[in-house]
Every structure is written in C-alpha cells, then in structure tokens.
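K.L.:
One structure is given below, represented as structure tokens, and several questions about it will come after.
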Amino acid sequence: MNCIIIDDEATARVILNKICSEFDDLTVVAEFENAVEAIKYLYKHQVDLVLLDIHMPDFTGFEFIKTLKNPPNIILTSSDKNFAIEAYEYDCIVDYLVKPILVPRFIKALQKVKNILKQNTETSIQDHEANQLENELYINIDRRLIKIDIRSIYLVEAKGDYIHLKTENTNYIVHSSLKKIKDKLPDSLFLKVHRSYIINIKKIIDIEDNSVQINKEIIPISRSSRAELMDRLNLL
Amino acid sequence: METPNLSYIDKLSNGDDLFKKKIIEVIKFEFPSEKDLYHKNINLKQYKNAAENIHKIKHKISILSFDKGYELASKHENNLKENKTNLEQEFEEVLKTITFYLTLI
C-alpha cells in the first residue's frame with residue numbers, strides 16, 4: 001500500500017513518516033507541506049492512502065478533498081477533535097486521528113483502509129468475472145456446446161429455421177431463430193436492422209442510405225430500423 | 001508542577017535514537033518561529049491568526065506531553081477566535097516553560 005502525507009508542520013510529517021516506517025506493507029511515496037502541491041501530484045499518480053492534516057493555511061484538508069474527483073482513502077489528522085463530525089460527510093475519509101498520534105490508534109485506522117482496499121479488490125474481481133460471463137454465449141452445434149465471445153460476433157443472419165452467426169474468426173450455423181438470439185445479445189452492442197439481420201454496431205465500417213457495411217458484407221437496413229441506428233451512432 | 005517530558009517521543013522512538021534526535025531537532029527548529037509568529041499576531045491584535053499559530057504550537061505541546069499546557073493552549077486558542085485575550089499571560093508561561101525545556105534536551 002502506498003501513501004502520501006500532507007501536513008504544513010514538519011514535526012507532524014516526521015512523526016507520520018516514522019509511524020509509517022513501522023509497517024512493511026506501507027510506503028510513503030511523497031510528502032507535502034501544502035495541499036496544492038499534493039493535488040498536482042495526485043493528478044499524475046495514484047495512491048492508496050492520504051494522511052491529511054485538516055488545519056492548514058490557505059487550503060484546508062476539507063477543501064483539498066473537494067477538489068478531487070475520485071479521492072483516495074483518507075485518514076485525517078488534526079490537533080482538534082471538533083472536525084470529526086464534518087469528517088463523516090465524506091465517504092473517502094476512513095478515519096480521524098487526533099494528534100499526537102498514537103501507534104495503536106494508527107494501526108486501527110490502517111486496518112480499516114486495508115479492509116476497504118481488500119473489499120474493492122474482491123468487488124472488482126467479481127465484476128470482472130460477471131462481465132466475462134455476460135460476454136459469453138454457448139451455441140449448440142452437433143450436440144456440442146461451443147463458447148463464443150459475444151463481442152466477436154459481427155453479424156447474425158436468419159436463414160429459414162437456422163441462423164448464420166458470423167464472428168471475426170469463424171461462422172456458425174445454428175438451429176435457432178433471430179428472435180431467440182436477439183434476447184441473448186446485449187442491446188448496447190447489437191441492433192436488428194432488418195427482419196433477417198442483427199448487426200454488431202461496433203463493427204460497422206460505413207453506412208449508406210439503406211445499407212450498412214460490416215466486415216466485407218453489405219447488409220440492408222429496413223426503413224423502420226434506420227432511425228434507431230442513427231440514434232445509436234455518435235454522429236458529428 | 002507538571003513539566004514537559006519526552007515520554008511520547010520515547011514511546012514513538014522505541015529505541016531509535018536517530019529518530020529521537022531528528023524529531024527533537026525539528027521541534028527546536030519549528031517552535032521558535034511559530035512562537036514569534038504568535039507574538040507578532042498578538043501585538044498586531046490579529047487574534048484569529050494568533051489562534052492559528054497556537055494550533056500548531058499546541059501539537060508540539062502535546063508531543064512534549066505537557067498536558068496542562070495543552071489544555072490552556074486549547075482554551076486560549078478558542079478564546080482568541082472570539083477576540084478574548086484573558087489567557088494571554090498564562091499562555092506566555094506555557095511558552096516560557098517549553099522554550100526553557102527545549103534548551104535542556
């Protein structure tokens with residue numbers, strides 16, 4: 001875990017540095033005596049934790065937080081207990097330490113940050129796994145279930161009782177209907193442009209009046225679908 | 001009478017003499033200028049600024065485990081925010097105590 005220290009008082013910075021040095025998994029990557037310099041740093045670097053003094057001239061700790069779009073985890077430090085209530089208004093503030101900071105209290109605050117970071121990592125892994133599942137489609141061909149990455153499909157064409165499912169690498173013929181597969185494909189990516197065709201909007205190369213080019217294929221667009229297609233495009 | 005001491009610094013140092021030396025040096029360096037700034041603002045009757053100065057001094061008082069001095073500094077800080085200077089003389093004694101103590105360590 002990396003952190004920065006923001007405190008206008010050198011004594012406080014030396015103490016915080018010393019306390020942080022006691023933890024193998026915590027590295028102080030920078031320290032600042034004013035919030036403005038820290039803001040510039042945070043525009044370029046990502047940190048897990050900010051140890052932030054509230055009481056600074058010109059730019060208070062709370063003003064500092066308000067300038068950040070995505071503030072990292074923050075442990076406030078202050079000689080004044082009276083700011084604790086205001087601290088609760090900020091989601092990014094994990095804890096509030098009253099100076100002089102005692103190591104056992106710091107350990108407790110640090111543990112809270114570790115818990116949040118762990119929770120965030122788990123959530124992001126779960127989200128990634130969920131996204132992976134959402135991007136997968138199994139099709140039944142000759143009693144085999146073949147996994148396809150939905151994002152690789154550029155065109156689905158209806159042919160009688162079958163659909164032709166075309167991906168960047170392979171084409172499949174599946175016993176199914178356009179309606180059935182449409183329900184399995186995300187609306188954000190796919191659009192039915194004709195009674196026989198579903199296209200992947202991201203794969204469009206160009207559009208003419210009544211047709212769209214996808215890969216090397218020219219696909220007709222029905223009059224009723226054209227308006228919706230135009231709505232979905234990022235037009236200049 | 002309670003006096004400043006190094007119990008907090010000793011605890012934090014935990015045998016790290018280099019750190020102990022460093023923190024004492026930094027306090028010795030910062031404290032006089034903070035004290036001067038406080039006096040300047042008191043003389044100019046800039047009491048809110050003087051309260052800000054006390055806020056920083058207060059941290060050093062607490063690092064030197066001078067609890068009574070810290071209490072008085074907090075009261076004086078709050079009073080100054082309301083332009084009340086009634087604890088000025090008592091706080092002066094706290095500053096003198098700290099100043100003297102810093103010459104001993």
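Letters A, B, ... mark the chains of the structure tokens in the order given; residue numbers begin at 1 per chain; ligand numbers begin at 1, in order shown.
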Find the residues around Glu89 of chain A up to 12 Å (only C-alpha atoms counted), leave out those fewer than 4 positions away in its own chain, and share them as a PyMOL selection string.

P.N.:
chain A and resi 62+65-66+83-85+93-95

K.L.:
Within chain B, find each residue whose DSSP state, derived from the backbone, is helix (DSSP H, G or I), and express the selection as a VMD selection string.

P.N.:
chain B and resid 7 to 13 17 to 43 47 to 63 67 to 81 88 to 104

K.L.:
Using DSSP on the backbone coordinates, identify the residues of segment 29-124 of chain A assigned to strand (DSSP E or B); present them as a list in words.

P.N.:
Val29, Ala30, Glu31, Phe32, Leu49, Val50, Leu51, Leu52, Asp53, Asn73, Ile74, Ile75, Leu76, Thr77, Ser78, Ile93, Val94, Asp95, Tyr96, Leu97 and Val98 of chain A

K.L.:
Any idea what the distance is between atom CA of Ile19 of chain A and atom CA of Asp36 of chain B?

P.N.:
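Atom CA of Asp36 of chain B lies at a distance of 29.4 Å from atom CA of Ile19 of chain A.
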
K.L.:
When you count only C-alpha atoms, which of these residues is closest to Asp24 of chain A: A:Met1, A:Leu191, A:Leu235, A:Ile148?

P.N.:
A:Met1

K.L.:
Give the residues of chain B that lie within 8 Å of chain A; count only C-alpha atoms, and format the answer as a list in words.

P.N.:
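Here they are: Leu12, Phe19, Ile23, Val26, Ile27, Glu30, His55, Lys56, Lys58, His59, Lys60, Ser62 and Ile63 of chain B.
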
K.L.:
Leaving out Arg226 of chain A and any residue of its chain fewer than 2 positions from it, which residues lie within 10 Å of it when counting only C-alpha atoms, given as a list in words?

P.N.:
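Returned residues: Lys192, Val193, His194, Asp209, Asn210, Ser211, Val212, Pro220, Ile221, Ser222, Arg223, Ser224, Glu228, Leu229, Met230, Asp231 and Arg232 of chain A.
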
K.L.:
Give the answer as one residue: which of B:Ile105, B:Lys96, B:Asn5, B:Asn79 has the shortest atom-to-atom distance to Tyr47 of chain B, using only C-alpha atoms?

P.N.:
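Using only C-alpha atoms, the shortest distance to Tyr47 of chain B belongs to B:Asn79.
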
K.L.:
Here is a test: counting only C-alpha atoms, which residue of A:Leu16, A:Leu49, A:Ile4, A:Ile218 is nearest to Asn34 of chain A?

P.N.:
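Distance minimum relative to Asn34 of chain A lands on A:Ile4.
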
K.L.:
Which residues are close to segment 35-37 of chain A, i.e. within 8 Å by only C-alpha atoms, leaving aside same-chain residues fewer than 2 positions away? Reply as a list of chain:residue names.

P.N.:
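Once the nearby chain positions are removed, what remains is A:Ile6, A:Phe32, A:Glu33, A:Ile39, A:Lys40, A:Tyr41, A:Phe59, A:Thr60, A:Gly61, A:Phe64.
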
K.L.:
Closest to Arg151 of chain A among A:Lys166, A:Lys118, A:His45, A:Arg195, using only C-alpha atoms?

P.N.:
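Answer, going by the shortest atom-to-atom distance: A:Lys166.
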
K.L.:
I'd like the contact shell of Asn82 of chain A - 12 Å cut-off, only C-alpha atoms, skipping same-chain residues fewer than 4 positions apart - returned as a list of chain:residue names.

P.N.:
A:Ile54, A:His55, A:Thr77, A:Ser78, A:Glu86, A:Ala87, A:Tyr88, A:Tyr96, A:Leu97, A:Val98, B:Ser74, B:Asn78

K.L.:
Find, counting only C-alpha atoms, the residue in B:Leu44, B:Ile98, B:Ile9, B:Leu80 that gets nearest to Ile24 of chain B.

P.N.:
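Looking at the shortest contact to Ile24 of chain B, the residue is B:Ile9.
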